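Colleague: Below is one structure. I have some questions about it.
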Amino acid sequence: MDIFDDNRAGELLDRLRGAKRIVLTAHRGPDGDAVGSTLAMWNHFKDLGIASTVVLPDAFPEFLNWMYGKSEIVLHSEEPNRAEELVRGSDVLFIQDYNDSSRVGGLQSALESTEAYTVMIDHHQNPSDFVDLMFSDDTSSSTCELVYRLIERWGHAKDISVNTASCIYCGIVTDTGSFRFPSSSPKTLRIAAALCETGMDHSEIQTRVYDNNRVEQLKLVGYAISSKLIVYPEFRAAIISLSAEELKRFSYRKGDTEGLVNTALSIEGVNFAAFIHESSDRVKMSFRSVGSFSVSQFSASHFGGGGHHNAAGGASFDSLEDVHQKIVDLLPEYAADLDYSDK
Ligand code: 5GP
Ligand code: MN
């Protein structure tokens, strides 16, 4: 059944028209889909004359700096008290592009103590059922695709502004690797076409997202591939790891290593790739796979993480070396699952 097939979407719109403090949140380390889906709702609400505020746990990558409404975003990392008060004091609270309160970083306790009516819009597997209204569909390419479908269900598809369309398109493009991943469906492409019909400049959005590299960033990627990529051909796996010192050496900024894990996965014969790096207080992991091997299961089983079948992540308070070794030690256990040669 289509998750928007009943009248819950209509009831939500009625509630929003009567609400005073609408807050939109997304996960820690917000990506194109997190920022795109919250700002798309914010822009659409604005067009409807409904005020709302986007509150994010921390900063987003610079390649999203063009997004409409981004200067209105409240970051918990910069204004913790204001961000927590907004979440705690909201009357309708959106949980977008994440499905567990542990994913919202420093906003977690505010989220868990709010009296707000909570609405989840998300496409990750295994949602925690902690909200009042859940729109969860793990077959959707992105949360932005679900935002489009919600707006469509409200009967507003023809009124989507260029600003709203651009935010939705950005989330779809970044979560599908520009329509390459299997999660990109005929429906995704039809939605992309409808967004283009608003007059949105699709090519310009891809340029803003992908063609604004800094020299230091390209050198970091070059270093990671030439010096830090380890391939385990017998296990069809590849791992790249970067320490905080290495990141600093190349003046790392958020977003600089976006896509690096896919580069490791692109190696012929590699069906599982991991990119691990030291972040402020922990080691952050990105896992990718092709085919039947589920990285969301792998991450959930061994690192308390999650995500999607072919794209998942996790975090650990162990050292970078220990996390690396743990992954390497697990590979023999999955050797048969990662070998598709006779399947
Ligand atoms: P990325 O590798 O791009 O950071 O994340 C890939 C996917 O896994 C995204 O959909 C993201 O939301 C999810 N993900 C990333 N890190 C974590 C994590 O620590 N826990 C969980 N549950 N999901 C994660
Ligand atoms: Mn997403």
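Following the order of the structure tokens, first chain is A, next is B, and so on, with residues numbered from 1 inside each chain and ligands from 1 in the order they appear.
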Hey, which residues come within 6 Å of ligand 2 if we count only C-alpha atoms and all ligand atoms? Could you give them as a ChimeraX atom specification?
Modeller: /A:33,97,142-143,175
Colleague: Residues at most 12 Å from Ser341 in chain A, counting only C-alpha atoms, excluding those fewer than 3 positions away in the same chain, as a PyMOL selection string?
Modeller: chain A and resi 235-236+269-271+291+335-338
Colleague: What's around range 321-328 of chain A at 8 Å? Count only C-alpha atoms, leave out sequence neighbours fewer than 4 positions away in its own chain, and write the answer as a ChimeraX atom specification.
Modeller: /A:241,276,283,316
Colleague: I need the helix (DSSP H, G or I) residues of range 1-187 of chain A per DSSP on the backbone, written as a count of residues only.
Modeller: 85
Colleague: Can you build me a table of chain A residues sitting at most 9 Å from ligand 1, with the closest atom pair per residue and its distance in Å to one decimal, using only C-alpha atoms and all ligand atoms, sorted by chain and residue number, as CSV?
Modeller:
```
residue,atom,partner,partner_atom_place_in_ligand_line,distance
A:His27,CA,ligand 1,12 (O),7.3
A:Arg28,CA,ligand 1,16 (N),8.7
A:Gly29,CA,ligand 1,4 (O),7.7
A:Pro30,CA,ligand 1,12 (O),8.6
A:Asp31,CA,ligand 1,3 (O),7.6
A:Asp33,CA,ligand 1,10 (O),8.9
A:Ala34,CA,ligand 1,12 (O),8.6
A:Asp97,CA,ligand 1,12 (O),6.8
A:Tyr98,CA,ligand 1,12 (O),6.3
A:Asn99,CA,ligand 1,22 (N),8.0
A:Asp100,CA,ligand 1,22 (N),7.5
A:Ser102,CA,ligand 1,20 (N),8.2
A:Arg103,CA,ligand 1,20 (N),6.4
A:His123,CA,ligand 1,10 (O),8.2
A:His124,CA,ligand 1,10 (O),6.5
A:Gln125,CA,ligand 1,22 (N),8.8
A:Ser142,CA,ligand 1,10 (O),8.6
A:Asp175,CA,ligand 1,10 (O),7.9
A:Glu258,CA,ligand 1,3 (O),7.4
A:Gly259,CA,ligand 1,3 (O),8.0
A:Val261,CA,ligand 1,2 (O),7.7
A:Ala274,CA,ligand 1,2 (O),8.7
A:Phe275,CA,ligand 1,2 (O),8.0
A:Lys284,CA,ligand 1,19 (O),7.1
A:Met285,CA,ligand 1,2 (O),6.6
A:Ser286,CA,ligand 1,2 (O),3.6
A:Phe287,CA,ligand 1,2 (O),5.9
A:Arg288,CA,ligand 1,2 (O),7.5
A:Val295,CA,ligand 1,8 (O),8.9
A:Ser296,CA,ligand 1,8 (O),7.4
A:Ser299,CA,ligand 1,21 (C),8.0
A:Ala300,CA,ligand 1,22 (N),7.3
A:Phe303,CA,ligand 1,19 (O),8.3
A:Gly304,CA,ligand 1,20 (N),6.9
A:Gly305,CA,ligand 1,20 (N),3.8
A:Gly306,CA,ligand 1,22 (N),3.5
A:Gly307,CA,ligand 1,8 (O),3.8
A:His308,CA,ligand 1,10 (O),6.0
A:Asn310,CA,ligand 1,7 (C),8.6
A:Ala311,CA,ligand 1,6 (C),4.8
A:Ala312,CA,ligand 1,8 (O),3.3
A:Gly313,CA,ligand 1,16 (N),3.4
A:Gly314,CA,ligand 1,19 (O),3.3
A:Ala315,CA,ligand 1,19 (O),4.8
A:Ser316,CA,ligand 1,19 (O),8.4
```
Colleague: Which neighbours of Glu246 in chain A fall inside 12 Å, counting only C-alpha atoms, when residues of the same chain fewer than 2 positions from it are skipped, and could you give them as an MDAnalysis selection string?
Modeller: chainID A and resid 216:217 219:221 223:224 227:228 241:244 248:252 277:279
Colleague: Please provide as a VMD selection string all residues within 10 Å of Ser109 in chain A, with the sequence filter that same-chain residues fewer than 4 positions apart are discarded (counting only C-alpha atoms).
Modeller: chain A and resid 84 87 to 88 101 to 102 104 to 105 113 to 114
Colleague: So, with only C-alpha atoms as the atoms that count, which of A:Leu75, A:Leu247, A:Ile230, A:Ile22 lies closest to Tyr117 in chain A?
Modeller: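 Residue with the minimum atom-to-atom distance to Tyr117 in chain A: A:Ile22.
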Colleague: Need to verify the contact set: range 38-43 of chain A, 6 Å, only C-alpha atoms, exclusion of same-chain residues closer than 4 positions in sequence. Can you return it as a list in words?
Modeller: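 Listing them by chain and then by number gives Leu24, Thr164, Cys167 and Ile168 of chain A.
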Colleague: Could you write out that same residue set with N, CA and C atoms as a PDB file, in the first residue's frame?
Modeller:
```
ATOM      1  N   LEU A  24      11.263  21.478  12.018  1.00  0.00           N
ATOM      2  CA  LEU A  24      11.698  20.392  11.137  1.00  0.00           C
ATOM      3  C   LEU A  24      13.122  19.998  11.511  1.00  0.00           C
ATOM      4  N   THR A 164      11.427  25.193  -3.737  1.00  0.00           N
ATOM      5  CA  THR A 164      11.074  23.902  -3.126  1.00  0.00           C
ATOM      6  C   THR A 164      11.557  22.762  -4.026  1.00  0.00           C
ATOM      7  N   CYS A 167      15.308  22.067  -3.766  1.00  0.00           N
ATOM      8  CA  CYS A 167      15.692  21.354  -2.531  1.00  0.00           C
ATOM      9  C   CYS A 167      15.347  19.870  -2.649  1.00  0.00           C
ATOM     10  N   ILE A 168      14.165  19.566  -3.184  1.00  0.00           N
ATOM     11  CA  ILE A 168      13.758  18.160  -3.343  1.00  0.00           C
ATOM     12  C   ILE A 168      14.702  17.457  -4.321  1.00  0.00           C
TER      13      ILE A 168
END
```
Colleague: In Å, with one decimal, what is the gap from CA of Phe4 in chain A to CA of Trp154 in chain A?
Modeller: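 Going from CA of Phe4 in chain A over to CA of Trp154 in chain A, I get 9.7 Å.
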Colleague: List as a list in words the protein and nucleic acid residues near Tyr68 in chain A, meaning an atom at most 7 Å away when only C-alpha atoms are counted, but skip any in the same chain fewer than 2 places from it.
Modeller: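 Residues meeting the cut-off are Trp66, Lys70 and Asn163 of chain A.
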Colleague: Any chance you can output those residues with N, CA, C and O atoms as a PDB file, in the first residue's frame?
Modeller:
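Once everything was written out, this is out08.pdb:
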```
ATOM      1  N   TRP A  66      24.196  26.706  -1.279  1.00  0.00           N
ATOM      2  CA  TRP A  66      23.324  27.469  -2.179  1.00  0.00           C
ATOM      3  C   TRP A  66      21.837  27.257  -1.846  1.00  0.00           C
ATOM      4  O   TRP A  66      20.984  27.939  -2.403  1.00  0.00           O
ATOM      5  N   LYS A  70      18.743  28.301   3.624  1.00  0.00           N
ATOM      6  CA  LYS A  70      19.780  27.719   4.497  1.00  0.00           C
ATOM      7  C   LYS A  70      20.237  28.696   5.588  1.00  0.00           C
ATOM      8  O   LYS A  70      20.618  28.280   6.677  1.00  0.00           O
ATOM      9  N   ASN A 163      12.138  27.059  -5.754  1.00  0.00           N
ATOM     10  CA  ASN A 163      12.966  26.864  -4.558  1.00  0.00           C
ATOM     11  C   ASN A 163      12.699  25.517  -3.903  1.00  0.00           C
ATOM     12  O   ASN A 163      13.625  24.787  -3.538  1.00  0.00           O
TER      13      ASN A 163
END
```
Colleague: One number please: CA of Asp138 in chain A to CA of Leu260 in chain A, in Å, one decimal.
Modeller: 24.0 Å
Colleague: Could you check which of A:Leu107, A:Ala264, A:Met67, A:Cys144 is closest to Asn81 in chain A, using only C-alpha atoms?
Modeller: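 Of A:Leu107, A:Ala264, A:Met67, A:Cys144, the one nearest Asn81 in chain A is A:Leu107, counting only C-alpha atoms.
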